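Next comes input_21.txt, a file with compact mmCIF, C-alpha atoms.
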# COMPACT_ATOMS: atom_id res chain seq x y z
CA MET A 1 110.28 70.27 92.40
CA HIS A 2 112.81 67.44 92.20
CA PRO A 3 116.13 68.66 93.73
CA ARG A 4 118.34 66.17 91.91
CA ARG A 5 117.21 66.00 88.31
CA PRO A 6 118.76 63.16 86.27
CA ALA A 7 120.36 63.83 82.91
CA ARG A 8 117.61 64.14 80.27
CA PRO A 9 117.75 61.66 77.39
CA ALA A 10 116.40 62.71 74.01
CA ALA A 11 112.76 61.82 73.26
CA ALA A 12 112.31 58.65 71.23
CA ALA A 13 109.49 56.83 69.47
CA LEU A 14 106.67 55.86 71.79
CA ALA A 15 105.68 52.25 72.39
CA LEU A 16 102.75 50.91 74.32
CA ALA A 17 103.64 49.91 77.89
CA SER A 18 101.67 48.34 80.66
CA ALA A 19 101.40 49.46 84.28
CA LEU A 20 100.74 47.39 87.36
CA THR A 21 98.93 48.75 90.38
CA VAL A 22 99.38 48.10 94.05
CA LEU A 23 96.59 49.12 96.39
CA ALA A 24 97.00 49.67 100.10
CA GLY A 25 94.56 49.92 102.97
CA PRO A 26 90.90 49.00 102.46
CA ALA A 27 91.00 49.60 98.70
CA THR A 28 90.67 46.45 96.58
CA ALA A 29 93.62 45.34 94.45
CA ALA A 30 93.09 45.10 90.70
CA PRO A 31 95.31 45.26 87.62
CA ALA A 32 95.17 48.46 85.59
CA THR A 33 94.80 48.44 81.85
CA ALA A 34 97.65 49.63 79.70
CA ALA A 35 97.89 53.38 79.33
CA PRO A 36 96.89 54.81 75.96
CA ALA A 37 99.69 55.75 73.62
CA SER A 38 100.25 59.40 72.81
CA ALA A 39 99.93 60.26 69.14
CA PRO A 40 102.87 61.99 67.47
CA GLY A 41 102.74 65.63 66.50
CA GLY A 42 101.67 68.71 68.40
CA HIS A 43 100.73 72.26 67.48
CA LYS A 44 100.02 72.87 63.80
CA SER A 45 103.27 74.75 63.33
CA GLY A 46 105.29 72.02 65.04
CA ARG A 47 106.23 74.46 67.80
CA LEU A 48 104.28 75.28 70.91
CA PRO A 49 102.72 78.76 71.01
CA ALA A 50 103.93 81.27 73.58
CA VAL A 51 101.71 83.21 75.98
CA THR A 52 103.00 86.01 78.21
CA PRO A 53 101.93 86.80 81.78
CA VAL A 54 99.97 89.89 82.74
CA ALA A 55 101.38 90.28 86.26
CA GLU A 56 103.70 88.63 88.74
CA THR A 57 104.10 88.51 92.50
CA ALA A 58 107.08 89.94 94.32
CA PRO A 59 109.97 87.45 94.32
CA MET A 60 110.57 85.11 97.25
CA PHE A 61 113.98 84.04 98.46
CA ASP A 62 114.66 80.71 100.13
CA ASP A 63 117.33 81.91 102.53
CA GLU A 64 117.46 83.33 106.05
CA ARG A 65 117.27 86.92 104.84
CA GLY A 66 114.20 86.05 102.76
CA GLY A 67 112.46 84.17 105.56
CA ASN A 68 113.15 80.81 103.86
CA ALA A 69 110.25 81.52 101.51
CA ASN A 70 109.90 79.39 98.38
CA ALA A 71 106.89 79.73 96.08
CA ASP A 72 105.22 76.41 95.35
CA ASP A 73 101.47 76.05 94.72
CA PRO A 74 98.54 78.46 94.09
CA ALA A 75 94.73 78.29 94.33
CA ILE A 76 92.22 80.82 92.96
CA TRP A 77 89.27 81.89 95.14
CA ARG A 78 86.42 83.64 93.31
CA ASN A 79 84.50 86.34 95.13
CA ASP A 80 81.03 85.67 93.72
CA ALA A 81 79.67 88.94 95.10
CA ASN A 82 82.45 90.98 93.49
CA PRO A 83 84.62 88.92 91.09
CA GLY A 84 87.13 91.75 90.68
CA ARG A 85 87.99 91.33 94.36
CA SER A 86 88.87 87.66 94.05
CA LEU A 87 92.05 86.28 95.61
CA VAL A 88 94.97 83.96 94.92
CA VAL A 89 96.13 81.89 97.89
CA ALA A 90 99.64 80.46 97.52
CA THR A 91 102.14 78.47 99.54
CA ALA A 92 105.65 79.65 100.34
CA LYS A 93 106.88 76.47 102.08
CA GLU A 94 108.73 77.44 105.27
CA GLY A 95 107.69 81.03 104.53
CA GLY A 96 104.05 80.07 105.17
CA LEU A 97 101.09 81.27 103.14
CA ARG A 98 100.64 84.31 100.87
CA VAL A 99 97.41 85.93 99.69
CA TYR A 100 97.32 88.16 96.58
CA ASP A 101 94.75 90.30 94.82
CA LEU A 102 94.24 90.04 91.06
CA GLY A 103 97.00 92.57 90.47
CA ALA A 104 99.45 90.09 92.11
CA ARG A 105 99.81 92.46 95.08
CA GLN A 106 100.21 90.79 98.47
CA VAL A 107 97.31 91.43 100.85
CA GLN A 108 98.23 88.97 103.62
CA ALA A 109 101.07 86.73 104.79
CA LEU A 110 100.60 83.98 107.37
CA PRO A 111 103.63 82.25 108.92
CA ALA A 112 103.97 78.49 109.08
CA PRO A 113 103.88 77.16 112.66
CA GLY A 114 107.06 76.02 114.32
CA GLY A 115 107.91 72.50 115.35
CA PRO A 116 106.68 71.21 118.73
CA GLY A 117 110.12 71.23 120.29
CA PRO A 118 113.76 72.28 119.82
CA GLY A 119 115.30 70.43 116.91
CA ASP A 120 111.95 69.36 115.48
CA SER A 121 111.05 70.18 111.89
CA PRO A 122 109.34 73.57 111.49
CA GLY A 123 106.10 74.00 109.59
CA ARG A 124 106.40 73.99 105.80
CA PHE A 125 103.36 74.72 103.64
CA ASN A 126 103.60 72.69 100.45
CA ASN A 127 100.31 72.59 98.51
CA VAL A 128 96.97 74.40 98.75
CA ASP A 129 93.43 73.82 97.48
CA LEU A 130 89.95 75.16 98.28
CA VAL A 131 86.69 73.83 99.69
CA HIS A 132 83.54 75.85 99.02
CA ARG A 133 80.70 76.30 101.50
CA MET A 134 81.70 73.59 103.93
CA ARG A 135 79.28 73.25 106.82
CA LEU A 136 81.08 74.21 110.05
CA SER A 137 79.67 74.38 113.58
CA THR A 138 79.32 78.14 113.07
CA GLY A 139 77.77 78.01 109.57
CA ARG A 140 79.00 77.48 106.03
CA ALA A 141 82.37 78.84 104.93
CA ASP A 142 84.90 78.73 102.11
CA LEU A 143 88.21 77.21 103.19
CA ALA A 144 91.80 77.15 102.02
CA VAL A 145 93.32 73.75 102.84
CA VAL A 146 97.10 73.39 103.09
CA THR A 147 99.51 70.49 103.51
CA ASP A 148 101.93 71.32 106.31
CA ARG A 149 104.79 69.11 105.17
CA GLY A 150 106.97 70.09 108.12
CA ASN A 151 104.45 68.89 110.73
CA ASP A 152 102.69 66.20 108.64
CA ARG A 153 99.27 67.78 109.06
CA LEU A 154 96.56 69.59 107.18
CA ARG A 155 95.89 73.25 108.04
CA PHE A 156 92.61 75.05 107.39
CA PHE A 157 91.97 78.75 106.81
CA ARG A 158 88.54 80.35 106.63
CA ILE A 159 88.19 82.90 103.79
CA ASP A 160 86.40 86.18 104.63
CA ARG A 161 87.35 88.70 101.93
CA ASP A 162 86.75 91.87 103.96
CA ARG A 163 87.73 90.70 107.44
CA PRO A 164 89.91 93.29 109.23
CA GLY A 165 93.46 92.02 109.46
CA GLY A 166 93.27 89.90 106.34
CA PRO A 167 90.92 87.54 104.55
CA LEU A 168 92.32 84.28 105.96
CA THR A 169 91.84 83.00 109.52
CA ASP A 170 93.38 79.77 110.83
CA VAL A 171 90.54 77.43 111.85
CA THR A 172 92.56 74.21 112.24
CA ALA A 173 91.26 72.08 115.09
CA PRO A 174 93.93 71.96 117.83
CA ALA A 175 94.16 68.17 118.00
CA VAL A 176 94.48 67.27 114.30
CA PRO A 177 96.71 64.16 114.01
CA PRO A 178 99.65 63.55 111.70
CA VAL A 179 98.51 62.34 108.29
CA PHE A 180 101.09 59.59 107.83
CA SER A 181 103.60 59.53 110.69
CA ALA A 182 103.34 57.50 113.90
CA SER A 183 105.81 59.60 115.90
CA GLN A 184 107.62 62.94 115.95
CA GLY A 185 110.76 61.11 114.88
CA GLU A 186 109.00 59.97 111.71
CA ILE A 187 107.77 63.52 111.13
CA ASN A 188 111.33 64.80 111.42
CA ASP A 189 112.33 62.34 108.67
CA GLN A 190 109.93 64.33 106.45
CA ARG A 191 108.12 61.48 104.71
CA THR A 192 105.10 63.61 105.31
CA ALA A 193 101.99 65.23 103.78
CA TYR A 194 102.99 66.62 100.39
CA GLY A 195 100.64 66.98 97.40
CA LEU A 196 96.97 67.88 97.84
CA ALA A 197 93.61 67.92 96.07
CA THR A 198 90.21 68.59 97.64
CA TRP A 199 86.93 66.99 96.60
CA THR A 200 83.29 67.39 97.60
CA ASP A 201 81.19 64.34 96.80
CA ARG A 202 78.07 65.67 95.07
CA ALA A 203 76.06 62.61 96.12
CA THR A 204 76.66 63.04 99.87
CA GLY A 205 77.85 66.64 100.25
CA ARG A 206 80.86 65.44 102.24
CA SER A 207 84.23 67.07 101.62
CA TYR A 208 87.58 65.31 101.41
CA ALA A 209 91.28 65.93 100.95
CA LEU A 210 93.51 63.61 98.95
CA VAL A 211 97.07 63.85 100.26
CA SER A 212 100.24 62.30 98.88
CA ARG A 213 103.27 61.30 100.95
CA ARG A 214 106.72 62.70 100.25
CA HIS A 215 109.26 60.15 98.91
CA GLU A 216 106.52 57.49 98.81
CA THR A 217 103.84 56.42 96.35
CA ARG A 218 101.01 56.58 98.89
CA ILE A 219 97.87 58.72 98.62
CA ALA A 220 95.53 59.11 101.60
CA LEU A 221 91.82 59.97 101.46
CA LEU A 222 90.84 62.14 104.44
CA GLU A 223 87.27 63.18 105.24
CA LEU A 224 87.10 66.78 106.49
CA THR A 225 85.06 67.15 109.66
CA ALA A 226 83.47 70.08 111.50
CA ALA A 227 84.94 70.53 114.99
CA PRO A 228 83.86 72.77 117.90
CA GLY A 229 84.16 76.54 117.61
CA GLY A 230 84.06 76.66 113.81
CA THR A 231 87.30 74.67 113.49
CA VAL A 232 88.03 71.84 111.06
CA GLY A 233 89.58 68.40 111.51
CA TYR A 234 89.83 65.21 109.48
CA ARG A 235 89.76 61.42 109.66
CA LEU A 236 91.48 58.81 107.50
CA VAL A 237 89.17 56.88 105.17
CA ARG A 238 91.62 54.78 103.14
CA THR A 239 94.96 54.82 101.33
CA LEU A 240 96.24 53.71 97.96
CA ASP A 241 99.79 53.04 96.78
CA LEU A 242 100.68 53.75 93.17
CA PRO A 243 103.35 51.50 91.62
CA SER A 244 107.04 52.08 92.27
CA SER A 245 108.27 49.71 89.56
CA PHE A 246 106.95 48.85 86.11
CA ARG A 247 107.04 45.93 83.68
CA LEU A 248 108.28 47.10 80.27
CA PRO A 249 107.22 45.65 76.90
CA ASN A 250 110.58 43.88 76.58
CA GLY A 251 109.84 41.95 79.79
CA SER A 252 112.26 43.84 82.01
CA SER A 253 111.35 45.71 85.18
CA TRP A 254 112.02 49.44 85.50
CA THR A 255 112.16 51.60 88.62
CA PRO A 256 112.63 55.39 88.35
CA CYS A 257 116.03 56.45 89.63
CA GLY A 258 116.30 58.34 92.92
CA GLU A 259 118.12 58.43 96.21
CA PRO A 260 118.31 55.05 97.96
CA GLY A 261 115.09 54.43 99.88
CA GLU A 262 113.07 57.07 98.00
CA ARG A 263 110.16 55.89 95.87
CA PRO A 264 108.73 57.85 92.90
CA GLN A 265 106.52 60.40 94.66
CA ILE A 266 103.30 62.17 93.69
CA GLU A 267 102.70 65.90 94.11
CA GLY A 268 100.44 67.54 91.53
CA MET A 269 96.83 66.38 91.91
CA VAL A 270 93.37 67.60 90.91
CA VAL A 271 89.84 66.18 91.11
CA ASP A 272 87.27 66.62 88.35
CA PRO A 273 84.14 67.46 90.37
CA ALA A 274 81.80 66.41 87.57
CA ASP A 275 82.54 62.70 87.93
CA GLY A 276 84.79 62.44 91.00
CA THR A 277 87.95 61.46 89.11
CA LEU A 278 91.35 62.09 90.66
CA TYR A 279 94.31 62.88 88.41
CA ALA A 280 97.68 62.42 90.11
CA GLY A 281 101.10 63.32 88.74
CA GLN A 282 103.77 60.80 89.68
CA GLU A 283 106.75 63.04 89.03
CA ASP A 284 109.10 60.63 87.22
CA VAL A 285 106.39 58.40 85.73
CA GLY A 286 103.34 60.25 84.35
CA ILE A 287 99.69 61.12 85.03
CA TRP A 288 97.37 58.61 86.70
CA ARG A 289 93.57 58.50 86.71
CA VAL A 290 91.63 56.89 89.59
CA ARG A 291 88.33 57.34 91.40
CA ALA A 292 88.64 60.08 93.99
CA ASP A 293 87.39 57.69 96.67
CA LEU A 294 90.43 55.49 95.83
CA THR A 295 88.33 52.39 95.14
CA SER A 296 89.28 51.78 91.50
CA ALA A 297 92.44 50.54 89.81
CA PRO A 298 94.65 53.44 88.66
CA VAL A 299 95.12 53.91 84.92
CA LEU A 300 98.16 55.65 83.44
CA VAL A 301 96.87 58.44 81.17
CA ASP A 302 100.26 59.53 79.79
CA ARG A 303 103.93 58.92 80.52
CA VAL A 304 106.94 61.16 80.79
CA ARG A 305 109.52 60.96 78.03
CA GLU A 306 111.97 59.38 80.48
CA TYR A 307 109.67 56.45 81.29
CA GLY A 308 111.65 53.21 81.07
CA VAL A 309 115.07 54.86 80.76
CA PRO A 310 117.62 53.03 82.94
CA ALA A 311 119.63 55.25 85.28
CA VAL A 312 122.05 54.85 88.17
CA TYR A 313 122.20 57.17 91.18
CA ASP A 314 125.63 58.72 91.85
CA ALA A 315 126.02 59.59 95.55
CA GLU A 316 128.89 62.01 94.87
CA THR A 317 127.01 64.16 92.36
CA GLU A 318 123.57 63.40 93.87
CA GLU A 319 122.28 62.91 90.32
CA CYS A 320 121.13 60.01 88.18
CA ALA A 321 123.25 59.03 85.20
CA ALA A 322 120.85 57.92 82.44
CA GLY A 323 121.49 55.12 79.98
CA ALA A 324 120.11 54.58 76.49
CA ASP A 325 116.46 55.42 75.93
CA PRO A 326 114.54 52.23 74.97
CA GLY A 327 111.67 54.30 73.53
CA TYR A 328 108.84 53.45 75.93
CA GLY A 329 108.14 56.99 77.11
CA GLY A 330 105.54 59.54 76.10
CA ARG A 331 106.00 62.61 73.91
CA ARG A 332 104.25 65.38 75.82
CA LEU A 333 105.74 65.46 79.30
CA SER A 334 109.31 65.83 80.51
CA ALA A 335 109.92 64.85 84.13
CA ASP A 336 108.98 66.07 86.54
CA VAL A 337 105.21 66.05 86.06
CA GLU A 338 104.18 68.76 88.50
CA GLY A 339 101.14 71.03 88.81
CA LEU A 340 97.84 69.65 87.51
CA ALA A 341 94.82 71.90 86.93
CA LEU A 342 91.36 71.49 85.46
CA VAL A 343 89.98 74.00 82.94
CA ASP A 344 86.20 73.64 83.07
CA GLU A 345 84.29 74.73 79.94
CA GLY A 346 80.95 73.36 81.17
CA HIS A 347 78.88 70.32 80.14
CA GLY A 348 81.85 68.03 80.74
CA ASP A 349 84.06 69.89 78.26
CA GLY A 350 87.44 71.39 79.02
CA TYR A 351 91.03 70.42 79.66
CA LEU A 352 93.35 68.70 82.10
CA MET A 353 96.51 70.82 82.23
CA ALA A 354 99.89 69.52 83.39
CA SER A 355 103.14 71.33 84.09
CA SER A 356 105.94 69.60 82.21
CA GLN A 357 108.74 70.84 84.43
CA GLY A 358 111.65 69.32 82.54
CA ASP A 359 111.07 71.36 79.37
CA ASP A 360 109.19 74.39 80.79
CA THR A 361 105.95 73.67 78.93
CA PHE A 362 102.29 73.06 79.79
CA ALA A 363 100.40 70.15 78.20
CA PHE A 364 96.61 70.14 77.74
CA TYR A 365 94.51 66.98 77.47
CA ASP A 366 90.82 66.58 76.66
CA ARG A 367 88.90 66.39 79.91
CA GLU A 368 86.62 63.67 78.54
CA ARG A 369 87.46 60.15 79.66
CA GLY A 370 85.75 58.34 76.79
CA ARG A 371 83.67 55.19 77.10
CA GLY A 372 86.40 52.60 77.55
CA ARG A 373 89.05 52.35 80.26
CA GLU A 374 91.73 53.27 77.72
CA ASP A 375 89.78 55.92 75.81
CA GLY A 376 89.71 59.67 76.15
CA HIS A 377 92.13 62.35 77.33
CA ALA A 378 93.40 63.10 73.84
CA TYR A 379 96.31 65.52 73.75
CA GLU A 380 94.96 68.91 72.60
CA GLY A 381 98.19 70.93 72.50
CA GLY A 382 100.54 72.85 74.72
CA VAL A 383 101.93 76.29 75.47
CA ARG A 384 104.97 77.97 76.88
CA ILE A 385 104.70 80.96 79.20
CA THR A 386 107.45 83.32 78.13
CA ALA A 387 108.73 86.77 79.06
CA ARG A 388 106.56 89.82 78.38
CA SER A 389 109.48 92.17 79.10
CA ARG A 390 112.84 92.13 80.83
CA GLU A 391 111.09 92.83 84.11
CA LEU A 392 108.18 90.41 83.61
CA ASP A 393 109.67 87.06 82.68
CA GLY A 394 107.94 83.74 81.97
CA SER A 395 107.71 80.51 83.94
CA GLU A 396 110.53 78.00 84.28
CA GLU A 397 110.54 74.67 86.12
CA CYS A 398 106.95 75.27 87.20
CA ASP A 399 105.78 73.46 90.33
CA GLY A 400 102.15 74.32 91.06
CA ALA A 401 99.41 75.75 88.84
CA ALA A 402 95.74 76.72 89.15
CA ALA A 403 93.13 77.71 86.55
CA LEU A 404 89.68 79.28 86.86
CA ASN A 405 87.60 79.62 83.70
CA GLN A 406 85.19 82.24 85.04
CA PRO A 407 85.10 86.04 84.67
CA LEU A 408 87.16 87.83 87.32
CA GLY A 409 86.23 91.47 86.82
CA ARG A 410 87.99 93.79 84.42
CA ALA A 411 91.42 92.34 85.19
CA PHE A 412 90.62 88.84 83.87
CA PRO A 413 87.25 88.80 82.08
CA HIS A 414 88.13 85.49 80.38
CA GLY A 415 89.48 83.68 83.43
CA LEU A 416 92.85 83.32 85.13
CA LEU A 417 95.78 80.90 85.06
CA VAL A 418 98.35 81.18 87.88
CA VAL A 419 101.64 79.28 87.58
CA GLN A 420 104.66 79.02 89.81
CA ASP A 421 107.96 80.28 88.41
CA GLY A 422 110.98 78.34 89.67
CA HIS A 423 113.45 80.95 88.39
CA ASP A 424 112.06 84.46 88.76
CA GLY A 425 114.25 86.69 86.60
CA PRO A 426 115.81 89.17 86.56
CA GLU A 427 115.88 88.71 90.36
CA ASP A 428 117.25 85.18 90.08
CA GLY A 429 120.99 85.35 90.62
CA PRO A 430 123.16 84.55 93.63
CA ARG A 431 119.89 84.23 95.59
CA THR A 432 117.46 81.87 93.84
CA ALA A 433 114.15 83.68 93.43
CA THR A 434 110.72 82.14 92.93
CA GLY A 435 107.24 83.58 92.48
CA PHE A 436 103.91 83.29 90.68
CA LYS A 437 102.83 84.50 87.24
CA PHE A 438 99.25 85.63 86.47
CA VAL A 439 98.19 84.75 82.90
CA ASP A 440 95.03 85.58 80.93
CA LEU A 441 93.38 82.16 80.59
CA GLY A 442 91.49 83.35 77.50
CA GLU A 443 94.79 83.92 75.70
CA VAL A 444 95.93 80.41 76.62
CA LEU A 445 92.75 78.82 75.27
CA ASP A 446 92.95 80.91 72.09
CA ALA A 447 96.53 79.73 71.57
CA LEU A 448 95.44 76.10 71.92
CA ARG A 449 92.68 76.52 69.34
CA ASP A 450 94.74 78.37 66.72

As structure tokens, how would this structure be written, given the file I've shared?
Amino acid sequence: MHPRRPARPAAAALALASALTVLAGPATAAPATAAPASAPGGHKSGRLPAVTPVAETAPMFDDERGGNANADDPAIWRNDANPGRSLVVATAKEGGLRVYDLGARQVQALPAPGGPGPGDSPGRFNNVDLVHRMRLSTGRADLAVVTDRGNDRLRFFRIDRDRPGGPLTDVTAPAVPPVFSASQGEINDQRTAYGLATWTDRATGRSYALVSRRHETRIALLELTAAPGGTVGYRLVRTLDLPSSFRLPNGSSWTPCGEPGERPQIEGMVVDPADGTLYAGQEDVGIWRVRADLTSAPVLVDRVREYGVPAVYDAETEECAAGADPGYGGRRLSADVEGLALVDEGHGDGYLMASSQGDDTFAFYDRERGRGREDGHAYEGGVRITARSRELDGSEECDGAAALNQPLGRAFPHGLLVVQDGHDGPEDGPRTATGFKFVDLGEVLDALRD
């Protein structure tokens, strides 16, 4: 979630714009093709359909009394032996990790570790994803992988549904290194591990984590490794830097507005396991597509409405004052682009879903890439997640999201969508409350097809 949102200009007509890429590390530099234009229109009625949640987690409060807990990103683990006993694993930032059953009831809470010394940044769990049946020194296991933004590391938790004391066990190797930082001082500056997507290469069976860096455009590819005693470590394979400035059709250069020294960061990411494609949401820019091994030139799939809008940062208000919209942005996404999720319908069919945080909507794109570099990913529609009752509200300013299009017992026979709610009402008041909403994925897909 972007803490200092600029003023939102009105959406304007879309024009085709080009994007340049910059690659870092061993990856080979190459220019990206222009991103495809989004077609006008939307749902048949001209308005996005509304879907209501089935359940919600207890609210979290990001203050001392609430344990500095702030809901951020979920992942859905399916219990193949008993789908009705599946779990949702979710991050709570400085509040650590939460585990829920399908009724959104908490079954486990794990604290984030402290900093190594007095005055050092404490642990802060930002994003979470899963790895299935990774080969450890003690046998195969399902893992929850977490970016510890506070300590600039990955953390690993083995999933054992019926283990006494809770289903998750920390199996992080003791000597895992920082992902990006060269010193504790750099870690304390918090340009650290942020967004996350996991990927298992079907050709080799090796598992990886793709990790973005806070306030930077860098993505790192880390290979996950088995360590002694059933623990898990990682090694850096390569990095890639997405662009921080863009050439507009009128010949001018545009850089998204932010605090001095902060580049347009990436958080929401997901990998399509069918073809090893990474989709990465650059919050103030749009959605990128690139090979998950970071060896191809990134292609911009869609842009936020605010793309190309000039803005000036005001240090007093800590906000960006936007100028006139030149009309180079997209029509589906309003910054920030946040949680990305894949809805798999089999045989290569399905959707790429994106949280459009600026207007509280969710956009769905065709999963198919098409034959050409610029083809595919047609916009298929969008939804809003709105209140079911006064007690069970919808989702606003959504950060993370996860979808699983498989039966999950009687509670969710048509699959589950879990989304973060940045303003959990009616609790949200003097103390800002956040949480997660559980939504029937079948209802979402029906709404898209109507």

Open item on the list: When you count only C-alpha atoms, which of these residues is closest to Leu168 in chain A: A:Gln265, A:Ser395, A:Gln282, A:Gln108?
Closed with: A:Gln108

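Residue nearest Ala335 in chain A, chosen from A:Thr317, A:Thr295, A:Ser356, A:Asn82 and counting all atoms listed in the file: A:Ser356.
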
Task: Interatomic distance (Å, one decimal) between CA of Ala311 in chain A and CA of Glu267 in chain A - done: 21.9 Å

Open item on the list: Report, in Å with one decimal, the straight-line distance from CA of Thr172 in chain A to CA of Pro74 in chain A.
Closed with: 19.6 Å

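Among the candidate residues A:Trp254, A:Trp288, A:Phe438, A:Tyr351, the one lying nearest to Phe364 in chain A is A:Tyr351, with distances computed using only C-alpha atoms.
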
TODO: Find the distance between CA of Asn127 in chain A and CA of His215 in chain A and write it in Å to one decimal.
DONE: 15.3 Å

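Within 8 Å of the point (111.9, 86.4, 93.3), and counting only C-alpha atoms, the protein, DNA and RNA residues are Ala58, Pro59, Met60, Phe61, His423, Asp424, Gly425, Glu427, Asp428, Thr432, Ala433, Thr434 and Gly435 of chain A.
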